[in-house]
>>> print(open('target-v1.cif').read())   # mmCIF, C-alpha atoms; chains and numbers go by the auth columns
data_entry
#
loop_
_atom_site.group_PDB
_atom_site.id
_atom_site.type_symbol
_atom_site.label_atom_id
_atom_site.label_comp_id
_atom_site.label_asym_id
_atom_site.label_seq_id
_atom_site.Cartn_x
_atom_site.Cartn_y
_atom_site.Cartn_z
_atom_site.B_iso_or_equiv
_atom_site.auth_seq_id
_atom_site.auth_asym_id
ATOM 1 C CA MET A 1 -19.516 -3.646 18.795 0.00 1 A
ATOM 2 C CA THR A 2 -21.734 -4.172 15.759 0.00 2 A
ATOM 3 C CA ARG A 3 -24.330 -1.468 15.387 0.00 3 A
ATOM 4 C CA LYS A 4 -26.622 -0.090 12.726 0.00 4 A
ATOM 5 C CA LEU A 5 -27.089 3.655 12.575 0.00 5 A
ATOM 6 C CA SER A 6 -30.218 5.365 11.261 0.00 6 A
ATOM 7 C CA GLU A 7 -31.928 8.717 11.072 0.00 7 A
ATOM 8 C CA THR A 8 -32.896 8.200 14.705 0.00 8 A
ATOM 9 C CA PRO A 9 -29.970 9.059 17.013 0.00 9 A
ATOM 10 C CA LEU A 10 -28.309 6.065 18.655 0.00 10 A
ATOM 11 C CA ILE A 11 -27.806 6.742 22.365 0.00 11 A
ATOM 12 C CA HIS A 12 -26.196 4.172 24.617 0.00 12 A
ATOM 13 C CA PRO A 13 -28.384 3.254 27.618 0.00 13 A
ATOM 14 C CA THR A 14 -25.713 4.550 30.010 0.00 14 A
ATOM 15 C CA ALA A 15 -25.422 7.930 28.283 0.00 15 A
ATOM 16 C CA GLN A 16 -27.326 10.951 29.602 0.00 16 A
ATOM 17 C CA VAL A 17 -28.748 13.663 27.344 0.00 17 A
ATOM 18 C CA GLU A 18 -30.562 16.778 28.540 0.00 18 A
ATOM 19 C CA ASN A 19 -32.126 19.685 26.629 0.00 19 A
ATOM 20 C CA SER A 20 -30.169 18.914 23.487 0.00 20 A
ATOM 21 C CA THR A 21 -30.863 18.509 19.775 0.00 21 A
ATOM 22 C CA LEU A 22 -29.356 15.602 17.868 0.00 22 A
ATOM 23 C CA GLY A 23 -29.236 15.203 14.117 0.00 23 A
ATOM 24 C CA ARG A 24 -29.731 12.197 11.865 0.00 24 A
ATOM 25 C CA TRP A 25 -27.223 9.315 11.871 0.00 25 A
ATOM 26 C CA THR A 26 -25.691 10.503 15.146 0.00 26 A
ATOM 27 C CA GLU A 27 -24.325 8.395 17.993 0.00 27 A
ATOM 28 C CA ILE A 28 -23.561 8.971 21.668 0.00 28 A
ATOM 29 C CA ALA A 29 -21.579 6.162 23.290 0.00 29 A
ATOM 30 C CA ASP A 30 -21.297 4.717 26.775 0.00 30 A
ATOM 31 C CA ARG A 31 -21.406 6.998 29.802 0.00 31 A
ATOM 32 C CA SER A 32 -21.224 10.217 27.809 0.00 32 A
ATOM 33 C CA ARG A 33 -23.144 13.240 29.087 0.00 33 A
ATOM 34 C CA VAL A 34 -24.567 15.938 26.828 0.00 34 A
ATOM 35 C CA SER A 35 -26.434 19.007 28.045 0.00 35 A
ATOM 36 C CA GLU A 36 -27.766 22.157 26.342 0.00 36 A
ATOM 37 C CA SER A 37 -26.019 21.281 23.091 0.00 37 A
ATOM 38 C CA GLU A 38 -26.595 20.612 19.397 0.00 38 A
ATOM 39 C CA LEU A 39 -25.001 17.700 17.555 0.00 39 A
ATOM 40 C CA GLY A 40 -25.109 17.891 13.769 0.00 40 A
ATOM 41 C CA ASP A 41 -25.995 15.105 11.337 0.00 41 A
ATOM 42 C CA TYR A 42 -23.581 12.137 11.206 0.00 42 A
ATOM 43 C CA SER A 43 -21.572 13.362 14.199 0.00 43 A
ATOM 44 C CA TYR A 44 -20.672 10.964 16.974 0.00 44 A
ATOM 45 C CA MET A 45 -18.909 10.862 20.317 0.00 45 A
ATOM 46 C CA MET A 46 -17.264 7.840 21.896 0.00 46 A
ATOM 47 C CA GLN A 47 -17.212 6.755 25.536 0.00 47 A
ATOM 48 C CA ASP A 48 -17.016 9.040 28.570 0.00 48 A
ATOM 49 C CA CYS A 49 -17.382 12.404 26.833 0.00 49 A
ATOM 50 C CA ALA A 50 -18.793 15.440 28.618 0.00 50 A
ATOM 51 C CA VAL A 51 -20.378 18.166 26.492 0.00 51 A
ATOM 52 C CA TRP A 52 -22.128 21.257 27.793 0.00 52 A
ATOM 53 C CA CYS A 53 -23.410 24.345 25.999 0.00 53 A
ATOM 54 C CA ALA A 54 -21.908 23.575 22.605 0.00 54 A
ATOM 55 C CA THR A 55 -22.910 23.765 18.947 0.00 55 A
ATOM 56 C CA ILE A 56 -21.282 20.925 17.012 0.00 56 A
ATOM 57 C CA GLY A 57 -21.513 20.688 13.239 0.00 57 A
ATOM 58 C CA LYS A 58 -21.973 17.706 10.954 0.00 58 A
ATOM 59 C CA PHE A 59 -19.561 14.764 10.652 0.00 59 A
ATOM 60 C CA ALA A 60 -17.710 15.618 13.873 0.00 60 A
ATOM 61 C CA ASN A 61 -15.511 12.759 15.079 0.00 61 A
ATOM 62 C CA ILE A 62 -15.254 13.009 18.854 0.00 62 A
ATOM 63 C CA ALA A 63 -12.980 10.436 20.500 0.00 63 A
ATOM 64 C CA ALA A 64 -13.374 8.993 23.976 0.00 64 A
ATOM 65 C CA SER A 65 -13.014 11.123 27.118 0.00 65 A
ATOM 66 C CA VAL A 66 -13.310 14.458 25.322 0.00 66 A
ATOM 67 C CA ARG A 67 -14.500 17.445 27.369 0.00 67 A
ATOM 68 C CA ILE A 68 -16.226 20.251 25.467 0.00 68 A
ATOM 69 C CA ASN A 69 -16.776 23.529 27.302 0.00 69 A
ATOM 70 C CA ALA A 70 -14.859 22.700 30.452 0.00 70 A
ATOM 71 C CA THR A 71 -16.026 25.552 32.648 0.00 71 A
ATOM 72 C CA ASN A 72 -13.764 27.715 34.780 0.00 72 A
ATOM 73 C CA HIS A 73 -13.940 28.445 38.481 0.00 73 A
ATOM 74 C CA PRO A 74 -13.960 31.994 39.934 0.00 74 A
ATOM 75 C CA THR A 75 -10.261 32.625 40.515 0.00 75 A
ATOM 76 C CA TRP A 76 -11.047 36.233 41.524 0.00 76 A
ATOM 77 C CA ARG A 77 -13.133 35.246 44.539 0.00 77 A
ATOM 78 C CA PRO A 78 -11.934 34.412 48.065 0.00 78 A
ATOM 79 C CA THR A 79 -12.689 30.735 47.318 0.00 79 A
ATOM 80 C CA LEU A 80 -12.675 28.637 44.155 0.00 80 A
ATOM 81 C CA HIS A 81 -15.343 26.291 45.521 0.00 81 A
ATOM 82 C CA HIS A 82 -18.719 26.088 43.825 0.00 82 A
ATOM 83 C CA PHE A 83 -20.716 26.574 47.003 0.00 83 A
ATOM 84 C CA THR A 84 -20.686 30.283 46.129 0.00 84 A
ATOM 85 C CA TYR A 85 -22.721 29.776 42.940 0.00 85 A
ATOM 86 C CA ARG A 86 -24.440 26.465 43.766 0.00 86 A
ATOM 87 C CA ALA A 87 -25.531 27.715 47.171 0.00 87 A
ATOM 88 C CA SER A 88 -28.953 26.066 47.251 0.00 88 A
ATOM 89 C CA ASP A 89 -27.225 22.674 47.210 0.00 89 A
ATOM 90 C CA TYR A 90 -25.884 23.555 50.651 0.00 90 A
ATOM 91 C CA TRP A 91 -28.464 25.809 52.321 0.00 91 A
ATOM 92 C CA ASP A 92 -32.252 25.871 52.177 0.00 92 A
ATOM 93 C CA ASP A 93 -32.392 29.673 52.390 0.00 93 A
ATOM 94 C CA ALA A 94 -29.827 30.340 49.624 0.00 94 A
ATOM 95 C CA GLU A 95 -30.194 30.327 45.832 0.00 95 A
ATOM 96 C CA HIS A 96 -28.019 29.375 42.918 0.00 96 A
ATOM 97 C CA GLU A 97 -26.257 32.372 41.390 0.00 97 A
ATOM 98 C CA GLY A 98 -28.116 32.881 38.115 0.00 98 A
ATOM 99 C CA GLU A 99 -25.836 35.599 36.799 0.00 99 A
ATOM 100 C CA PHE A 100 -22.772 33.395 37.199 0.00 100 A
ATOM 101 C CA PHE A 101 -24.349 30.616 35.120 0.00 101 A
ATOM 102 C CA ALA A 102 -25.548 33.120 32.511 0.00 102 A
ATOM 103 C CA GLN A 103 -21.959 34.272 32.083 0.00 103 A
ATOM 104 C CA ARG A 104 -20.893 30.680 31.542 0.00 104 A
ATOM 105 C CA ARG A 105 -23.611 30.047 28.972 0.00 105 A
ATOM 106 C CA ALA A 106 -22.538 33.144 27.056 0.00 106 A
ATOM 107 C CA LYS A 107 -19.231 31.382 26.330 0.00 107 A
ATOM 108 C CA ARG A 108 -20.681 28.669 24.135 0.00 108 A
ATOM 109 C CA VAL A 109 -18.264 26.403 22.275 0.00 109 A
ATOM 110 C CA THR A 110 -18.604 25.976 18.506 0.00 110 A
ATOM 111 C CA VAL A 111 -17.179 22.985 16.629 0.00 111 A
ATOM 112 C CA GLY A 112 -17.298 22.995 12.840 0.00 112 A
ATOM 113 C CA HIS A 113 -18.102 20.342 10.253 0.00 113 A
ATOM 114 C CA ASP A 114 -15.826 17.357 9.500 0.00 114 A
ATOM 115 C CA THR A 115 -13.721 17.865 12.613 0.00 115 A
ATOM 116 C CA TRP A 116 -11.729 15.436 14.760 0.00 116 A
ATOM 117 C CA LEU A 117 -11.277 15.881 18.494 0.00 117 A
ATOM 118 C CA GLY A 118 -8.663 13.400 19.682 0.00 118 A
ATOM 119 C CA HIS A 119 -8.816 11.206 22.765 0.00 119 A
ATOM 120 C CA GLY A 120 -8.913 13.090 26.035 0.00 120 A
ATOM 121 C CA SER A 121 -8.786 16.545 24.473 0.00 121 A
ATOM 122 C CA THR A 122 -10.406 19.516 26.185 0.00 122 A
ATOM 123 C CA ILE A 123 -12.091 22.494 24.535 0.00 123 A
ATOM 124 C CA LEU A 124 -12.279 25.505 26.840 0.00 124 A
ATOM 125 C CA PRO A 125 -15.184 27.987 27.027 0.00 125 A
ATOM 126 C CA GLY A 126 -15.868 30.291 24.089 0.00 126 A
ATOM 127 C CA VAL A 127 -13.556 28.497 21.656 0.00 127 A
ATOM 128 C CA THR A 128 -14.414 27.925 17.987 0.00 128 A
ATOM 129 C CA VAL A 129 -12.918 24.928 16.185 0.00 129 A
ATOM 130 C CA GLY A 130 -13.182 25.536 12.447 0.00 130 A
ATOM 131 C CA ASP A 131 -14.364 23.202 9.708 0.00 131 A
ATOM 132 C CA GLY A 132 -11.984 20.357 8.902 0.00 132 A
ATOM 133 C CA ALA A 133 -9.750 20.986 11.924 0.00 133 A
ATOM 134 C CA ALA A 134 -8.109 18.225 13.975 0.00 134 A
ATOM 135 C CA VAL A 135 -7.223 18.398 17.669 0.00 135 A
ATOM 136 C CA GLY A 136 -4.526 16.063 18.983 0.00 136 A
ATOM 137 C CA ALA A 137 -5.061 13.634 21.839 0.00 137 A
ATOM 138 C CA GLY A 138 -4.775 15.245 25.251 0.00 138 A
ATOM 139 C CA ALA A 139 -4.697 18.778 23.880 0.00 139 A
ATOM 140 C CA VAL A 140 -6.170 21.684 25.813 0.00 140 A
ATOM 141 C CA VAL A 141 -7.642 24.153 23.323 0.00 141 A
ATOM 142 C CA SER A 142 -7.828 27.667 24.741 0.00 142 A
ATOM 143 C CA LYS A 143 -7.893 29.639 21.473 0.00 143 A
ATOM 144 C CA ASP A 144 -9.843 29.404 18.216 0.00 144 A
ATOM 145 C CA VAL A 145 -8.612 26.825 15.708 0.00 145 A
ATOM 146 C CA ALA A 146 -8.599 27.872 12.056 0.00 146 A
ATOM 147 C CA PRO A 147 -10.334 25.652 9.486 0.00 147 A
ATOM 148 C CA TYR A 148 -8.345 22.653 8.242 0.00 148 A
ATOM 149 C CA THR A 149 -5.619 23.153 10.838 0.00 149 A
ATOM 150 C CA ILE A 150 -4.110 20.470 13.084 0.00 150 A
ATOM 151 C CA VAL A 151 -3.348 21.544 16.658 0.00 151 A
ATOM 152 C CA ALA A 152 -1.868 19.669 19.619 0.00 152 A
ATOM 153 C CA GLY A 153 -0.304 20.222 23.004 0.00 153 A
ATOM 154 C CA VAL A 154 -1.022 22.047 26.252 0.00 154 A
ATOM 155 C CA PRO A 155 -1.981 24.687 25.475 0.00 155 A
ATOM 156 C CA ALA A 156 -2.823 23.611 21.936 0.00 156 A
ATOM 157 C CA LYS A 157 -0.754 25.175 19.172 0.00 157 A
ATOM 158 C CA PRO A 158 -0.855 24.753 15.372 0.00 158 A
ATOM 159 C CA ILE A 159 1.191 21.824 14.084 0.00 159 A
ATOM 160 C CA ARG A 160 0.404 22.164 10.389 0.00 160 A
ATOM 161 C CA GLU A 161 -2.405 22.781 7.927 0.00 161 A
ATOM 162 C CA ARG A 162 -4.238 19.750 6.579 0.00 162 A
ATOM 163 C CA PHE A 163 -4.449 21.397 3.162 0.00 163 A
ATOM 164 C CA ASP A 164 -3.079 24.627 1.782 0.00 164 A
ATOM 165 C CA ARG A 165 -5.290 27.637 2.427 0.00 165 A
ATOM 166 C CA ARG A 166 -6.764 27.743 -1.074 0.00 166 A
ATOM 167 C CA THR A 167 -7.707 24.044 -0.963 0.00 167 A
ATOM 168 C CA ALA A 168 -9.294 24.518 2.458 0.00 168 A
ATOM 169 C CA GLU A 169 -11.378 27.399 1.143 0.00 169 A
ATOM 170 C CA ARG A 170 -12.505 25.286 -1.805 0.00 170 A
ATOM 171 C CA TYR A 171 -13.651 22.522 0.537 0.00 171 A
ATOM 172 C CA GLN A 172 -15.622 25.001 2.616 0.00 172 A
ATOM 173 C CA ALA A 173 -17.251 26.277 -0.559 0.00 173 A
ATOM 174 C CA LEU A 174 -18.003 22.711 -1.705 0.00 174 A
ATOM 175 C CA ALA A 175 -19.576 21.948 1.710 0.00 175 A
ATOM 176 C CA TRP A 176 -19.972 18.267 0.901 0.00 176 A
ATOM 177 C CA TRP A 177 -21.275 17.742 4.449 0.00 177 A
ATOM 178 C CA ASN A 178 -24.583 19.181 3.273 0.00 178 A
ATOM 179 C CA TRP A 179 -25.098 16.481 0.634 0.00 179 A
ATOM 180 C CA ASP A 180 -28.046 14.186 1.139 0.00 180 A
ATOM 181 C CA HIS A 181 -27.636 10.576 2.234 0.00 181 A
ATOM 182 C CA ALA A 182 -27.972 9.101 -1.250 0.00 182 A
ATOM 183 C CA ARG A 183 -25.393 11.481 -2.693 0.00 183 A
ATOM 184 C CA LEU A 184 -22.917 10.588 0.023 0.00 184 A
ATOM 185 C CA ARG A 185 -23.374 6.890 -0.799 0.00 185 A
ATOM 186 C CA ALA A 186 -22.864 7.557 -4.495 0.00 186 A
ATOM 187 C CA ALA A 187 -19.588 9.353 -3.739 0.00 187 A
ATOM 188 C CA LEU A 188 -18.330 6.784 -1.206 0.00 188 A
ATOM 189 C CA ASP A 189 -15.694 5.273 -3.489 0.00 189 A
ATOM 190 C CA ASP A 190 -14.390 8.719 -4.370 0.00 190 A
ATOM 191 C CA PHE A 191 -14.129 9.681 -0.691 0.00 191 A
ATOM 192 C CA ARG A 192 -12.046 6.537 -0.216 0.00 192 A
ATOM 193 C CA GLU A 193 -9.862 6.605 -3.310 0.00 193 A
ATOM 194 C CA LEU A 194 -9.443 10.132 -4.684 0.00 194 A
ATOM 195 C CA SER A 195 -6.891 12.620 -3.428 0.00 195 A
ATOM 196 C CA ALA A 196 -8.157 15.831 -1.881 0.00 196 A
ATOM 197 C CA GLU A 197 -7.388 17.732 -5.082 0.00 197 A
ATOM 198 C CA ALA A 198 -8.918 15.122 -7.389 0.00 198 A
ATOM 199 C CA PHE A 199 -12.092 15.073 -5.297 0.00 199 A
ATOM 200 C CA LEU A 200 -12.456 18.835 -5.683 0.00 200 A
ATOM 201 C CA GLU A 201 -11.827 18.668 -9.410 0.00 201 A
ATOM 202 C CA LYS A 202 -14.582 16.102 -9.816 0.00 202 A
ATOM 203 C CA TYR A 203 -17.255 17.714 -7.655 0.00 203 A
ATOM 204 C CA GLU A 204 -16.729 21.458 -7.783 0.00 204 A
ATOM 205 C CA GLY A 205 -19.338 23.255 -9.818 0.00 205 A
ATOM 206 C CA GLN A 206 -21.870 20.458 -9.797 0.00 206 A
ATOM 207 C CA SER A 207 -25.337 21.886 -9.309 0.00 207 A
ATOM 208 C CA ASN A 208 -27.097 18.965 -7.594 0.00 208 A
ATOM 209 C CA THR A 209 -25.450 19.189 -4.182 0.00 209 A
ATOM 210 C CA ARG A 210 -28.751 19.991 -2.394 0.00 210 A
ATOM 211 C CA LYS A 211 -26.979 22.036 0.248 0.00 211 A
ATOM 212 C CA SER A 212 -28.807 22.883 3.465 0.00 212 A
ATOM 213 C CA GLY A 213 -26.408 25.612 4.527 0.00 213 A
ATOM 214 C CA GLY A 214 -23.737 27.952 3.260 0.00 214 A
ATOM 215 C CA ARG A 215 -20.000 28.165 3.658 0.00 215 A
ATOM 216 C CA LEU A 216 -18.808 28.197 7.246 0.00 216 A
ATOM 217 C CA SER A 217 -15.481 29.713 8.283 0.00 217 A
ATOM 218 C CA ILE A 218 -13.712 30.664 11.469 0.00 218 A
ATOM 219 C CA ARG A 219 -15.064 34.194 11.007 0.00 219 A
ATOM 220 C CA ASN A 220 -18.751 33.578 10.374 0.00 220 A
ATOM 221 C CA TYR A 221 -19.280 30.220 12.050 0.00 221 A
ATOM 222 C CA VAL A 222 -21.181 31.399 15.131 0.00 222 A
ATOM 223 C CA ARG A 223 -24.544 29.619 15.425 0.00 223 A
ATOM 224 C CA PRO A 224 -25.087 27.672 12.189 0.00 224 A
ATOM 225 C CA ARG A 225 -28.569 26.797 11.087 0.00 225 A
ATOM 226 C CA HIS A 226 -29.684 23.498 9.634 0.00 226 A
ATOM 227 C CA ILE A 227 -26.968 21.442 11.277 0.00 227 A
ATOM 228 C CA VAL A 228 -29.526 18.943 12.507 0.00 228 A
ATOM 229 C CA SER A 229 -32.905 17.631 11.481 0.00 229 A
ATOM 230 C CA ARG A 230 -34.541 18.828 14.706 0.00 230 A
ATOM 231 C CA ILE A 231 -34.651 15.490 16.484 0.00 231 A
ATOM 232 C CA VAL A 232 -34.872 16.528 20.132 0.00 232 A
ATOM 233 C CA VAL A 233 -33.723 14.152 22.831 0.00 233 A
ATOM 234 C CA ILE A 234 -34.488 15.034 26.459 0.00 234 A
ATOM 235 C CA ARG A 235 -33.805 12.772 29.411 0.00 235 A
ATOM 236 C CA GLU A 236 -33.704 13.258 33.147 0.00 236 A
ATOM 237 C CA PRO A 237 -31.595 16.303 34.075 0.00 237 A
ATOM 238 C CA VAL A 238 -27.930 15.603 34.588 0.00 238 A
ATOM 239 C CA HIS A 239 -25.407 17.994 36.083 0.00 239 A
ATOM 240 C CA ILE A 240 -22.015 17.845 34.414 0.00 240 A
ATOM 241 C CA PRO A 241 -19.736 18.385 37.419 0.00 241 A
ATOM 242 C CA ASP A 242 -17.244 21.220 37.479 0.00 242 A
ATOM 243 C CA THR A 243 -13.639 20.293 37.967 0.00 243 A
#
>>> encode(input="target-v1.cif", output="structure tokens")
Amino acid sequence: MTRKLSETPLIHPTAQVENSTLGRWTEIADRSRVSESELGDYSYMMQDCAVWCATIGKFANIAASVRINATNHPTWRPTLHHFTYRASDYWDDAEHEGEFFAQRRAKRVTVGHDTWLGHGSTILPGVTVGDGAAVGAGAVVSKDVAPYTIVAGVPAKPIRERFDRRTAERYQALAWWNWDHARLRAALDDFRELSAEAFLEKYEGQSNTRKSGGRLSIRNYVRPRHIVSRIVVIREPVHIPDT
């Protein structure tokens, strides 16, 4: 499909977005559902994704059929069924269980900058995926993923580091994802052709990066500011079903 992205988010007509904030140059593809979430500049998600209560950084690459913040059912109760907390769907004189949903919302998922979530992967509640990390197709991520680490499997486990720890730290300090659009275009050939080390050697220490945020790591990446340009997209409410 040929498409032209812009500072206005591109949302497929079959996608549903509710109470969410999308950044510039973002895209949400066919049949995806996004609720109570933030999607940083240049991030995109392909077909059939379901995202709820998540903060996603810039330049996130989200493949098809990814589930972010796949909520859990109450295994401690006599029944697993959601009639206990979605009671008003079943009885006129009953109410939804507000405290139960508040507990779910407290376990927000955080996905860092320049990340890759492979096809069909699942990120469980409360997990943080660090900057530069990659999640293999079909993985179920139940624990935090360190920056610039590749994980895969069920449950997901580290496979290897993308770069050595020092190089990863240098990339987080460089924070190229905060460069403006013109600067990214000027560096396009270097992104394509230079090695990771050569790219750092060329751009470290340059003063005209025009950063909009600081270094983000697995330790301090909680609720980043300035990940989006405050373009708010609200459509008709959509309930992402529990499974």
>>> resolve_selection(input="target-v1.cif", expression="the PyMOL selection byres ((chain A and resi 194-204) around 10)", output="PyMOL selection string")
chain A and resi 163+167-168+170-171+173-176+187+189-193+205-209
>>> resolve_selection(input="target-v1.cif", expression="the PyMOL selection byres ((chain A and resi 133) around 6)", output="count of residues only")
9
>>> atom_distance(input="target-v1.cif", atom1="atom CA of A:His82", atom2="atom CA of A:Val34")
20.6 Å
>>> closest_residue(input="target-v1.cif", among="A:Leu184, A:Ala106, A:Ala94, A:Ile28", to="A:Ala60", atoms="all atoms listed in the file")
A:Ile28
>>> atom_distance(input="target-v1.cif", atom1="atom CA of A:Arg24", atom2="atom CA of A:Pro9")
6.0 Å
>>> resolve_selection(input="target-v1.cif", expression="the PyMOL selection byres ((chain A and resi 52) around 6)", output="short mmCIF file (atom, residue, chain, number, x, y, z; two decimals) with C-alpha atoms, in the frame of the given file")
data_model
loop_
_atom_site.label_atom_id
_atom_site.label_comp_id
_atom_site.auth_asym_id
_atom_site.auth_seq_id
_atom_site.Cartn_x
_atom_site.Cartn_y
_atom_site.Cartn_z
CA VAL A 34 -24.57 15.94 26.83
CA SER A 35 -26.43 19.01 28.04
CA GLU A 36 -27.77 22.16 26.34
CA VAL A 51 -20.38 18.17 26.49
CA CYS A 53 -23.41 24.34 26.00
CA ALA A 54 -21.91 23.58 22.60
CA ASN A 69 -16.78 23.53 27.30
#
>>> atom_distance(input="target-v1.cif", atom1="atom CA of A:Arg77", atom2="atom CA of A:Asp144")
27.2 Å
>>> closest_residue(input="target-v1.cif", among="A:Asp30, A:Phe83, A:Val135, A:Val140", to="A:Leu117", atoms="only C-alpha atoms")
A:Val135
>>> residues_around(input="target-v1.cif", residues="stretch 151-154 of chain A", least_positions_apart="3", cutoff="10 Å", atoms="only C-alpha atoms", output="ChimeraX atom specification")
/A:117-118,121-122,133-142,145-146,148,157-161
>>> decode(input="target-v1.cif", residues="stretch 148-188 of chain A", atoms="C-alpha atoms", output="JSON list (two decimals), in the first residue's frame")
[["chain", "number", "residue", "atom", "x", "y", "z"],
["A", 148, "TYR", "CA", 19.12, -2.69, 23.56],
["A", 149, "THR", "CA", 18.35, -6.30, 24.46],
["A", 150, "ILE", "CA", 16.72, -8.90, 22.20],
["A", 151, "VAL", "CA", 14.25, -11.25, 23.89],
["A", 152, "ALA", "CA", 12.14, -14.12, 22.56],
["A", 153, "GLY", "CA", 10.14, -17.11, 23.68],
["A", 154, "VAL", "CA", 7.34, -17.96, 26.10],
["A", 155, "PRO", "CA", 7.99, -16.57, 28.57],
["A", 156, "ALA", "CA", 10.39, -14.17, 26.89],
["A", 157, "LYS", "CA", 14.04, -14.49, 27.85],
["A", 158, "PRO", "CA", 17.14, -12.56, 26.74],
["A", 159, "ILE", "CA", 18.74, -13.90, 23.56],
["A", 160, "ARG", "CA", 21.55, -11.37, 23.23],
["A", 161, "GLU", "CA", 22.36, -7.68, 23.46],
["A", 162, "ARG", "CA", 22.06, -5.63, 20.29],
["A", 163, "PHE", "CA", 25.15, -3.65, 21.28],
["A", 164, "ASP", "CA", 27.57, -3.94, 24.15],
["A", 165, "ARG", "CA", 26.45, -2.13, 27.29],
["A", 166, "ARG", "CA", 28.71, 0.88, 26.79],
["A", 167, "THR", "CA", 27.50, 1.39, 23.20],
["A", 168, "ALA", "CA", 23.89, 1.11, 24.35],
["A", 169, "GLU", "CA", 24.47, 3.76, 26.99],
["A", 170, "ARG", "CA", 26.05, 6.05, 24.40],
["A", 171, "TYR", "CA", 23.00, 5.70, 22.15],
["A", 172, "GLN", "CA", 20.69, 6.55, 25.03],
["A", 173, "ALA", "CA", 22.80, 9.62, 25.74],
["A", 174, "LEU", "CA", 22.78, 10.59, 22.05],
["A", 175, "ALA", "CA", 18.96, 10.22, 21.97],
["A", 176, "TRP", "CA", 18.81, 10.71, 18.22],
["A", 177, "TRP", "CA", 15.06, 10.06, 18.40],
["A", 178, "ASN", "CA", 14.66, 13.60, 19.69],
["A", 179, "TRP", "CA", 16.18, 15.17, 16.56],
["A", 180, "ASP", "CA", 13.88, 17.32, 14.48],
["A", 181, "HIS", "CA", 12.53, 16.18, 11.13],
["A", 182, "ALA", "CA", 15.06, 18.09, 9.04],
["A", 183, "ARG", "CA", 17.99, 16.72, 11.04],
["A", 184, "LEU", "CA", 16.75, 13.18, 10.60],
["A", 185, "ARG", "CA", 16.58, 13.73, 6.82],
["A", 186, "ALA", "CA", 20.09, 15.15, 6.78],
["A", 187, "ALA", "CA", 21.39, 12.06, 8.59],
["A", 188, "LEU", "CA", 19.41, 9.54, 6.50]]
